[in-house]
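Note: the block below is my_file12.pdb and it holds PDB, C-alpha atoms, pLDDT in the B column.
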```pdb
ATOM      1  CA  MET A   1      93.730 114.167 -57.221  1.00 31.00           C
ATOM      2  CA  LYS A   2      94.105 110.416 -57.549  1.00 31.00           C
ATOM      3  CA  ARG A   3      96.365 109.045 -54.887  1.00 32.00           C
ATOM      4  CA  LYS A   4      99.384 107.136 -55.954  1.00 31.00           C
ATOM      5  CA  LEU A   5     101.594 104.799 -53.977  1.00 31.00           C
ATOM      6  CA  LEU A   6     105.272 105.266 -54.535  1.00 28.00           C
ATOM      7  CA  LEU A   7     106.774 101.907 -53.917  1.00 29.00           C
ATOM      8  CA  LEU A   8     110.068 103.159 -52.674  1.00 26.00           C
ATOM      9  CA  LEU A   9     111.618 100.923 -50.088  1.00 32.00           C
ATOM     10  CA  PHE A  10     114.850 102.165 -48.652  1.00 26.00           C
ATOM     11  CA  LEU A  11     117.204  99.911 -46.751  1.00 25.00           C
ATOM     12  CA  THR A  12     115.822 101.561 -43.607  1.00 29.00           C
ATOM     13  CA  GLY A  13     112.391 100.107 -44.374  1.00 37.00           C
ATOM     14  CA  CYS A  14     110.639 103.418 -44.998  1.00 34.00           C
ATOM     15  CA  TRP A  15     107.703 103.670 -47.412  1.00 35.00           C
ATOM     16  CA  GLU A  16     106.705 106.971 -48.938  1.00 35.00           C
ATOM     17  CA  MET A  17     103.100 107.581 -49.845  1.00 33.00           C
ATOM     18  CA  GLN A  18     102.048 110.550 -51.906  1.00 32.00           C
ATOM     19  CA  ALA A  19      98.563 111.948 -52.415  1.00 33.00           C
ATOM     20  CA  GLY A  20      99.578 115.252 -53.966  1.00 33.00           C
ATOM     21  CA  ALA A  21     102.636 117.418 -54.391  1.00 32.00           C
ATOM     22  CA  GLN A  22     102.325 118.895 -50.860  1.00 33.00           C
ATOM     23  CA  ASP A  23     101.001 115.809 -49.104  1.00 34.00           C
ATOM     24  CA  VAL A  24     103.814 113.353 -48.490  1.00 34.00           C
ATOM     25  CA  ARG A  25     103.586 110.907 -45.630  1.00 36.00           C
ATOM     26  CA  SER A  26     105.990 108.194 -44.619  1.00 38.00           C
ATOM     27  CA  PHE A  27     105.821 105.401 -42.104  1.00 38.00           C
ATOM     28  CA  GLU A  28     108.063 102.633 -40.929  1.00 41.00           C
ATOM     29  CA  VAL A  29     107.717  98.960 -41.689  1.00 42.00           C
ATOM     30  CA  PHE A  30     108.801  97.798 -38.243  1.00 43.00           C
ATOM     31  CA  THR A  31     110.313  94.487 -39.267  1.00 47.00           C
ATOM     32  CA  PRO A  32     112.439  93.532 -42.272  1.00 56.00           C
ATOM     33  CA  PHE A  33     110.441  91.649 -44.866  1.00 62.00           C
ATOM     34  CA  ASN A  34     111.005  89.456 -47.890  1.00 67.00           C
ATOM     35  CA  LEU A  35     107.894  90.153 -49.979  1.00 73.00           C
ATOM     36  CA  MET A  36     105.125  92.695 -50.164  1.00 75.00           C
ATOM     37  CA  ALA A  37     101.732  92.926 -51.851  1.00 77.00           C
ATOM     38  CA  PRO A  38     100.178  96.375 -52.313  1.00 78.00           C
ATOM     39  CA  VAL A  39      96.425  96.587 -51.720  1.00 79.00           C
ATOM     40  CA  ASN A  40      95.740 100.264 -52.315  1.00 76.00           C
ATOM     41  CA  THR A  41      97.367 103.623 -51.647  1.00 72.00           C
ATOM     42  CA  ASP A  42      97.263 103.159 -47.871  1.00 80.00           C
ATOM     43  CA  THR A  43      97.845  99.455 -47.274  1.00 83.00           C
ATOM     44  CA  VAL A  44     100.439  96.823 -48.084  1.00 83.00           C
ATOM     45  CA  PHE A  45     100.883  93.288 -46.812  1.00 83.00           C
ATOM     46  CA  THR A  46     104.393  92.104 -45.958  1.00 82.00           C
ATOM     47  CA  ILE A  47     105.869  88.770 -44.955  1.00 81.00           C
ATOM     48  CA  ASP A  48     109.118  88.253 -43.066  1.00 78.00           C
ATOM     49  CA  GLN A  49     111.612  85.384 -42.800  1.00 77.00           C
ATOM     50  CA  SER A  50     109.512  83.649 -40.139  1.00 78.00           C
ATOM     51  CA  ASN A  51     106.396  83.790 -42.387  1.00 77.00           C
ATOM     52  CA  ALA A  52     104.725  86.384 -40.162  1.00 80.00           C
ATOM     53  CA  VAL A  53     102.260  88.257 -42.373  1.00 83.00           C
ATOM     54  CA  ARG A  54     101.579  91.906 -41.525  1.00 81.00           C
ATOM     55  CA  ARG A  55      99.030  94.454 -42.724  1.00 82.00           C
ATOM     56  CA  VAL A  56     100.910  97.758 -42.793  1.00 81.00           C
ATOM     57  CA  THR A  57      99.184 101.136 -43.006  1.00 80.00           C
ATOM     58  CA  PRO A  58     100.443 104.631 -42.143  1.00 78.00           C
ATOM     59  CA  ILE A  59      99.081 104.215 -38.608  1.00 79.00           C
ATOM     60  CA  SER A  60      99.386 100.498 -37.843  1.00 77.00           C
ATOM     61  CA  ASN A  61     101.493  97.408 -38.326  1.00 77.00           C
ATOM     62  CA  GLN A  62      99.447  94.385 -37.283  1.00 80.00           C
ATOM     63  CA  ILE A  63     100.193  90.677 -37.571  1.00 78.00           C
ATOM     64  CA  ILE A  64      97.552  88.807 -39.591  1.00 79.00           C
ATOM     65  CA  PRO A  65      96.841  85.202 -38.492  1.00 76.00           C
ATOM     66  CA  VAL A  66      97.511  83.493 -41.831  1.00 82.00           C
ATOM     67  CA  GLN A  67      98.056  79.756 -41.391  1.00 82.00           C
ATOM     68  CA  LEU A  68     100.685  78.813 -43.960  1.00 85.00           C
ATOM     69  CA  PRO A  69     101.731  75.165 -44.357  1.00 85.00           C
ATOM     70  CA  ALA A  70     104.355  74.244 -41.729  1.00 85.00           C
ATOM     71  CA  GLY A  71     107.853  75.038 -42.948  1.00 85.00           C
ATOM     72  CA  ALA A  72     106.599  76.509 -46.233  1.00 87.00           C
ATOM     73  CA  ALA A  73     108.961  78.828 -48.093  1.00 87.00           C
ATOM     74  CA  VAL A  74     106.954  81.726 -49.509  1.00 90.00           C
ATOM     75  CA  ARG A  75     108.141  82.734 -52.991  1.00 91.00           C
ATOM     76  CA  ASP A  76     105.526  85.246 -54.108  1.00 91.00           C
ATOM     77  CA  MET A  77     102.554  87.103 -52.675  1.00 92.00           C
ATOM     78  CA  LEU A  78      99.603  88.843 -54.357  1.00 92.00           C
ATOM     79  CA  PHE A  79      96.447  90.651 -53.233  1.00 91.00           C
ATOM     80  CA  LEU A  80      93.541  89.896 -55.601  1.00 92.00           C
ATOM     81  CA  ASN A  81      89.739  89.977 -55.213  1.00 91.00           C
ATOM     82  CA  GLN A  82      89.854  90.724 -51.478  1.00 90.00           C
ATOM     83  CA  ALA A  83      92.164  87.745 -50.859  1.00 91.00           C
ATOM     84  CA  LEU A  84      95.862  87.440 -50.109  1.00 92.00           C
ATOM     85  CA  TRP A  85      97.538  84.710 -52.195  1.00 94.00           C
ATOM     86  CA  PHE A  86     100.879  82.984 -51.525  1.00 93.00           C
ATOM     87  CA  ALA A  87     103.114  80.956 -53.842  1.00 93.00           C
ATOM     88  CA  THR A  88     104.958  78.451 -51.646  1.00 92.00           C
ATOM     89  CA  ASP A  89     106.997  75.291 -51.965  1.00 93.00           C
ATOM     90  CA  SER A  90     104.009  73.561 -50.335  1.00 93.00           C
ATOM     91  CA  GLY A  91     101.317  74.685 -52.784  1.00 94.00           C
ATOM     92  CA  VAL A  92      99.073  77.707 -53.403  1.00 95.00           C
ATOM     93  CA  VAL A  93      97.613  79.392 -50.320  1.00 94.00           C
ATOM     94  CA  ARG A  94      94.688  81.857 -50.183  1.00 93.00           C
ATOM     95  CA  TRP A  95      93.774  83.865 -47.104  1.00 91.00           C
ATOM     96  CA  ALA A  96      90.378  85.606 -47.208  1.00 90.00           C
ATOM     97  CA  ASN A  97      87.892  86.612 -44.523  1.00 87.00           C
ATOM     98  CA  GLY A  98      90.070  85.081 -41.817  1.00 86.00           C
ATOM     99  CA  GLN A  99      90.180  81.645 -43.473  1.00 90.00           C
ATOM    100  CA  THR A 100      93.088  79.891 -45.162  1.00 90.00           C
ATOM    101  CA  ASP A 101      92.675  77.561 -48.145  1.00 92.00           C
ATOM    102  CA  VAL A 102      95.530  75.437 -49.514  1.00 93.00           C
ATOM    103  CA  TRP A 103      95.812  73.772 -52.923  1.00 93.00           C
ATOM    104  CA  SER A 104      98.580  71.131 -52.990  1.00 93.00           C
ATOM    105  CA  THR A 105      99.466  67.650 -54.170  1.00 91.00           C
ATOM    106  CA  ALA A 106      99.281  66.450 -50.550  1.00 87.00           C
ATOM    107  CA  ARG A 107      95.610  67.464 -50.458  1.00 86.00           C
ATOM    108  CA  GLY A 108      95.066  66.029 -53.952  1.00 82.00           C
ATOM    109  CA  ASN A 109      93.633  69.278 -55.292  1.00 86.00           C
ATOM    110  CA  PHE A 110      96.569  70.732 -57.257  1.00 92.00           C
ATOM    111  CA  VAL A 111      99.129  69.623 -59.838  1.00 92.00           C
ATOM    112  CA  SER A 112     102.305  70.769 -58.054  1.00 93.00           C
ATOM    113  CA  ASN A 113     103.563  71.951 -54.679  1.00 93.00           C
ATOM    114  CA  ASP A 114     106.443  73.880 -56.290  1.00 94.00           C
ATOM    115  CA  ILE A 115     104.731  77.242 -56.936  1.00 95.00           C
ATOM    116  CA  ARG A 116     107.021  79.867 -58.457  1.00 94.00           C
ATOM    117  CA  GLN A 117     104.938  82.921 -59.404  1.00 94.00           C
ATOM    118  CA  LEU A 118     101.485  84.461 -58.986  1.00 95.00           C
ATOM    119  CA  LEU A 119      99.964  86.897 -61.463  1.00 93.00           C
ATOM    120  CA  ALA A 120      96.657  88.753 -61.705  1.00 91.00           C
ATOM    121  CA  TYR A 121      95.063  89.004 -65.134  1.00 88.00           C
ATOM    122  CA  ASN A 122      91.483  89.811 -66.079  1.00 86.00           C
ATOM    123  CA  ASN A 123      90.537  89.662 -62.392  1.00 86.00           C
ATOM    124  CA  GLN A 124      91.707  86.039 -62.278  1.00 90.00           C
ATOM    125  CA  LEU A 125      94.767  84.319 -60.835  1.00 93.00           C
ATOM    126  CA  ALA A 126      97.531  82.747 -62.920  1.00 94.00           C
ATOM    127  CA  VAL A 127     100.045  80.453 -61.216  1.00 95.00           C
ATOM    128  CA  LEU A 128     103.398  79.326 -62.598  1.00 95.00           C
ATOM    129  CA  SER A 129     104.495  76.032 -61.055  1.00 95.00           C
ATOM    130  CA  SER A 130     107.216  73.478 -61.712  1.00 93.00           C
ATOM    131  CA  VAL A 131     104.894  71.583 -64.079  1.00 94.00           C
ATOM    132  CA  GLY A 132     103.063  74.331 -65.958  1.00 94.00           C
ATOM    133  CA  ILE A 133     100.627  77.215 -65.644  1.00 95.00           C
ATOM    134  CA  SER A 134      97.286  77.089 -63.846  1.00 94.00           C
ATOM    135  CA  LEU A 135      94.438  79.598 -64.108  1.00 92.00           C
ATOM    136  CA  PHE A 136      91.922  80.119 -61.290  1.00 93.00           C
ATOM    137  CA  SER A 137      88.541  81.532 -62.302  1.00 89.00           C
ATOM    138  CA  GLY A 138      87.421  82.072 -58.720  1.00 89.00           C
ATOM    139  CA  THR A 139      85.750  78.673 -58.465  1.00 89.00           C
ATOM    140  CA  SER A 140      87.847  76.214 -60.477  1.00 89.00           C
ATOM    141  CA  TRP A 141      91.345  75.644 -61.844  1.00 92.00           C
ATOM    142  CA  THR A 142      92.399  75.065 -65.457  1.00 91.00           C
ATOM    143  CA  HIS A 143      95.855  73.493 -65.799  1.00 92.00           C
ATOM    144  CA  PHE A 144      98.226  73.698 -68.766  1.00 93.00           C
ATOM    145  CA  ASN A 145     101.422  71.654 -69.065  1.00 92.00           C
ATOM    146  CA  ALA A 146     103.586  69.800 -71.600  1.00 90.00           C
ATOM    147  CA  ALA A 147     100.681  67.389 -72.257  1.00 91.00           C
ATOM    148  CA  SER A 148      98.370  70.288 -73.228  1.00 92.00           C
ATOM    149  CA  PRO A 149      98.012  70.925 -76.982  1.00 93.00           C
ATOM    150  CA  GLY A 150     100.246  73.828 -78.009  1.00 92.00           C
ATOM    151  CA  PHE A 151     102.092  74.094 -74.674  1.00 93.00           C
ATOM    152  CA  PRO A 152     105.883  74.283 -75.135  1.00 93.00           C
ATOM    153  CA  SER A 153     108.182  71.512 -73.980  1.00 90.00           C
ATOM    154  CA  VAL A 154     110.400  74.039 -72.170  1.00 90.00           C
ATOM    155  CA  LEU A 155     108.648  75.548 -69.147  1.00 90.00           C
ATOM    156  CA  PRO A 156     108.782  79.357 -68.943  1.00 92.00           C
ATOM    157  CA  THR A 157     110.604  80.936 -66.004  1.00 90.00           C
ATOM    158  CA  ARG A 158     108.279  83.991 -65.781  1.00 93.00           C
ATOM    159  CA  ILE A 159     104.756  84.845 -66.880  1.00 94.00           C
ATOM    160  CA  SER A 160     103.214  88.251 -67.551  1.00 95.00           C
ATOM    161  CA  ALA A 161      99.742  89.590 -68.188  1.00 90.00           C
ATOM    162  CA  SER A 162      98.519  91.101 -71.421  1.00 79.00           C
ATOM    163  CA  ALA A 163      95.054  92.527 -72.084  1.00 72.00           C
ATOM    164  CA  ASN A 164      93.151  89.258 -71.660  1.00 83.00           C
ATOM    165  CA  ALA A 165      95.759  86.518 -71.562  1.00 90.00           C
ATOM    166  CA  VAL A 166      98.787  85.267 -69.703  1.00 94.00           C
ATOM    167  CA  SER A 167     101.831  85.582 -71.907  1.00 94.00           C
ATOM    168  CA  PHE A 168     105.267  84.022 -71.735  1.00 93.00           C
ATOM    169  CA  VAL A 169     108.306  83.236 -73.840  1.00 92.00           C
ATOM    170  CA  SER A 170     109.679  79.762 -74.413  1.00 90.00           C
ATOM    171  CA  GLY A 171     112.458  79.145 -76.909  1.00 86.00           C
ATOM    172  CA  ASN A 172     112.019  81.661 -79.719  1.00 86.00           C
ATOM    173  CA  ARG A 173     108.222  81.832 -79.502  1.00 90.00           C
ATOM    174  CA  VAL A 174     105.776  84.020 -77.588  1.00 92.00           C
ATOM    175  CA  TYR A 175     102.724  82.300 -76.142  1.00 93.00           C
ATOM    176  CA  ALA A 176      99.329  83.664 -75.083  1.00 92.00           C
ATOM    177  CA  LEU A 177      97.366  81.504 -72.671  1.00 91.00           C
ATOM    178  CA  GLN A 178      93.652  81.779 -71.942  1.00 86.00           C
ATOM    179  CA  ALA A 179      91.259  79.323 -70.318  1.00 81.00           C
ATOM    180  CA  SER A 180      90.137  78.404 -73.844  1.00 85.00           C
ATOM    181  CA  GLY A 181      93.631  77.413 -74.994  1.00 87.00           C
ATOM    182  CA  ILE A 182      97.133  78.417 -76.112  1.00 92.00           C
ATOM    183  CA  THR A 183      98.208  80.528 -79.064  1.00 91.00           C
ATOM    184  CA  SER A 184     101.849  80.881 -80.132  1.00 90.00           C
ATOM    185  CA  PHE A 185     103.566  83.485 -82.266  1.00 88.00           C
ATOM    186  CA  ALA A 186     106.924  83.242 -84.017  1.00 77.00           C
TER     187      ALA A 186
END
```
Could you render the structure from this file as structure tokens?
Amino acid sequence: MKRKLLLLLFLTGCWEMQAGAQDVRSFEVFTPFNLMAPVNTDTVFTIDQSNAVRRVTPISNQIIPVQLPAGAAVRDMLFLNQALWFATDSGVVRWANGQTDVWSTARGNFVSNDIRQLLAYNNQLAVLSSVGISLFSGTSWTHFNAASPGFPSVLPTRISASANAVSFVSGNRVYALQASGITSFA
């Protein structure tokens, strides 16, 4: 039977994992945390107030040496394509294979440091920032903002994934965003 992770977090910090009706296991997340990113039925990543990242499984709770920008406030976290991604107020951070990569205005390789949301769609990464939406193909970024044809003047506050596009609402219109461009619907 396909295993399924029940994302039930009680105030005590207990996760329940269920593989079948008779097989219920639980384990403690030993420290309070702000965000979590599920990987599979047995593993989640968590981050606490001090930006300590942990890999939590039913039998271990280990600190992962992710080097986040100094003083960065982490707003969102996502596990995608064997990498752990962070939305921070200091840019986009990716941790994979023990290495940390940062995209930020300070490094001159990103359009904003104010990252608000991360989203997986079509095995790619979508990022909502203070200036627009950026799509990462795995090798390069495509940025959309108010200067992009068809992009709304009012920035969305949340993005979601549809079958093969990032969708959002701005004003009274629904928008679908793909690397090839923007489509809007009344």
Residues matched by the PyMOL selection byres ((chain A and resi 107-123) around 8), written as an MDAnalysis selection string: chainID A and resid 75:78 80:81 85:92 103:106 124:131 143 158:166
How many Å separate CA of Trp141 (chain A) from CA of Gly181 (chain A)? 13.5 Å
Residues within 12 Å of Pro65 (chain A), only C-alpha atoms, excluding chain neighbours under 4 positions, as a ChimeraX atom specification: /A:47,51-55,84,95-100
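The coordinates place CA of Thr183 (chain A) at 9.8 Å from CA of Pro149 (chain A).
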Which residues fall under the PyMOL selection byres ((chain A and resi 44) around 9) in this file, as JSON, numbers by chain? {"A": [36, 37, 38, 39, 40, 41, 42, 43, 45, 46, 54, 55, 56, 57, 79]}
Write the residues of the preceding selection, restricted to C-alpha atoms, as a PDB file, in the frame of the given file.
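part-v4.pdb was written with the following content:
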```
ATOM      1  CA  MET A  36     105.125  92.695 -50.164  1.00 75.00           C
ATOM      2  CA  ALA A  37     101.732  92.926 -51.851  1.00 77.00           C
ATOM      3  CA  PRO A  38     100.178  96.375 -52.313  1.00 78.00           C
ATOM      4  CA  VAL A  39      96.425  96.587 -51.720  1.00 79.00           C
ATOM      5  CA  ASN A  40      95.740 100.264 -52.315  1.00 76.00           C
ATOM      6  CA  THR A  41      97.367 103.623 -51.647  1.00 72.00           C
ATOM      7  CA  ASP A  42      97.263 103.159 -47.871  1.00 80.00           C
ATOM      8  CA  THR A  43      97.845  99.455 -47.274  1.00 83.00           C
ATOM      9  CA  PHE A  45     100.883  93.288 -46.812  1.00 83.00           C
ATOM     10  CA  THR A  46     104.393  92.104 -45.958  1.00 82.00           C
ATOM     11  CA  ARG A  54     101.579  91.906 -41.525  1.00 81.00           C
ATOM     12  CA  ARG A  55      99.030  94.454 -42.724  1.00 82.00           C
ATOM     13  CA  VAL A  56     100.910  97.758 -42.793  1.00 81.00           C
ATOM     14  CA  THR A  57      99.184 101.136 -43.006  1.00 80.00           C
ATOM     15  CA  PHE A  79      96.447  90.651 -53.233  1.00 91.00           C
TER      16      PHE A  79
END
```
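The residues that lie within 8 Å of the point (100.8, 87.9, -77.2), counting all atoms listed in the file, are Ser162, Ala165, Ser167, Val174, Tyr175, Ala176, Ser184 and Phe185 of chain A.
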Taking all atoms of region 51-56 of chain A that appear in the file, build a box with edges along x, y and z, extend it by 8 Å on every side, and state its centre and edge lengths in Å to one decimal, as JSON.
```
{"center_x": 102.7, "center_y": 90.8, "center_z": -41.5, "size_x": 23.4, "size_y": 30.0, "size_z": 18.6}
```
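Here the PyMOL selection byres ((chain A and resi 170) around 10) catches exactly these residues: Phe151, Pro152, Ser153, Val154, Leu155, Pro156, Thr157, Arg158, Phe168, Val169, Gly171, Asn172, Arg173, Val174, Tyr175 and Ser184 of chain A.
Computed from the coordinates, the CA of Pro69 (chain A) to CA of Val102 (chain A) distance equals 8.1 Å.
Among the candidate residues A:Ala83, A:Gly132, A:Ser60, A:Asp48, the one lying nearest to Ala147 (chain A) is A:Gly132, with distances computed using all atoms listed in the file.
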Would you please take region 115-154 of chain A of the structure in the block above and write C-alpha atoms to a file as a PDB file, in the first residue's frame?
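Result written to part.pdb:
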```pdb
ATOM      1  CA  ILE A 115      11.626  36.704  -1.489  1.00  0.00           C
ATOM      2  CA  ARG A 116       8.101  35.901  -0.315  1.00  0.00           C
ATOM      3  CA  GLN A 117       7.118  32.455  -1.627  1.00  0.00           C
ATOM      4  CA  LEU A 118       8.539  29.356  -3.315  1.00  0.00           C
ATOM      5  CA  LEU A 119       6.470  26.999  -5.448  1.00  0.00           C
ATOM      6  CA  ALA A 120       7.201  23.828  -7.410  1.00  0.00           C
ATOM      7  CA  TYR A 121       5.529  23.464 -10.792  1.00  0.00           C
ATOM      8  CA  ASN A 122       6.403  21.177 -13.684  1.00  0.00           C
ATOM      9  CA  ASN A 123       9.570  20.144 -11.834  1.00  0.00           C
ATOM     10  CA  GLN A 124      10.722  23.775 -11.860  1.00  0.00           C
ATOM     11  CA  LEU A 125      10.904  26.483  -9.208  1.00  0.00           C
ATOM     12  CA  ALA A 126       8.697  29.579  -9.143  1.00  0.00           C
ATOM     13  CA  VAL A 127       9.623  32.453  -6.828  1.00  0.00           C
ATOM     14  CA  LEU A 128       7.386  35.333  -5.768  1.00  0.00           C
ATOM     15  CA  SER A 129       9.426  38.381  -4.779  1.00  0.00           C
ATOM     16  CA  SER A 130       8.706  42.021  -4.009  1.00  0.00           C
ATOM     17  CA  VAL A 131       9.176  42.915  -7.692  1.00  0.00           C
ATOM     18  CA  GLY A 132       7.547  40.028  -9.548  1.00  0.00           C
ATOM     19  CA  ILE A 133       7.719  36.314 -10.278  1.00  0.00           C
ATOM     20  CA  SER A 134      10.830  34.425 -11.356  1.00  0.00           C
ATOM     21  CA  LEU A 135      10.995  30.932 -12.855  1.00  0.00           C
ATOM     22  CA  PHE A 136      14.077  28.714 -12.508  1.00  0.00           C
ATOM     23  CA  SER A 137      14.514  26.025 -15.160  1.00  0.00           C
ATOM     24  CA  GLY A 138      17.377  24.341 -13.330  1.00  0.00           C
ATOM     25  CA  THR A 139      20.045  26.343 -15.142  1.00  0.00           C
ATOM     26  CA  SER A 140      18.662  29.845 -15.705  1.00  0.00           C
ATOM     27  CA  TRP A 141      16.096  32.322 -14.397  1.00  0.00           C
ATOM     28  CA  THR A 142      13.266  34.011 -16.303  1.00  0.00           C
ATOM     29  CA  HIS A 143      11.912  37.125 -14.570  1.00  0.00           C
ATOM     30  CA  PHE A 144       8.462  38.685 -14.938  1.00  0.00           C
ATOM     31  CA  ASN A 145       7.499  42.061 -13.470  1.00  0.00           C
ATOM     32  CA  ALA A 146       5.430  45.181 -14.195  1.00  0.00           C
ATOM     33  CA  ALA A 147       7.654  45.904 -17.230  1.00  0.00           C
ATOM     34  CA  SER A 148       6.850  42.479 -18.753  1.00  0.00           C
ATOM     35  CA  PRO A 149       4.106  42.464 -21.417  1.00  0.00           C
ATOM     36  CA  GLY A 150       0.827  41.306 -19.875  1.00  0.00           C
ATOM     37  CA  PHE A 151       2.056  41.374 -16.256  1.00  0.00           C
ATOM     38  CA  PRO A 152      -0.386  43.185 -13.938  1.00  0.00           C
ATOM     39  CA  SER A 153       0.494  46.460 -12.265  1.00  0.00           C
ATOM     40  CA  VAL A 154      -0.608  45.082  -8.878  1.00  0.00           C
TER      41      VAL A 154
END
```
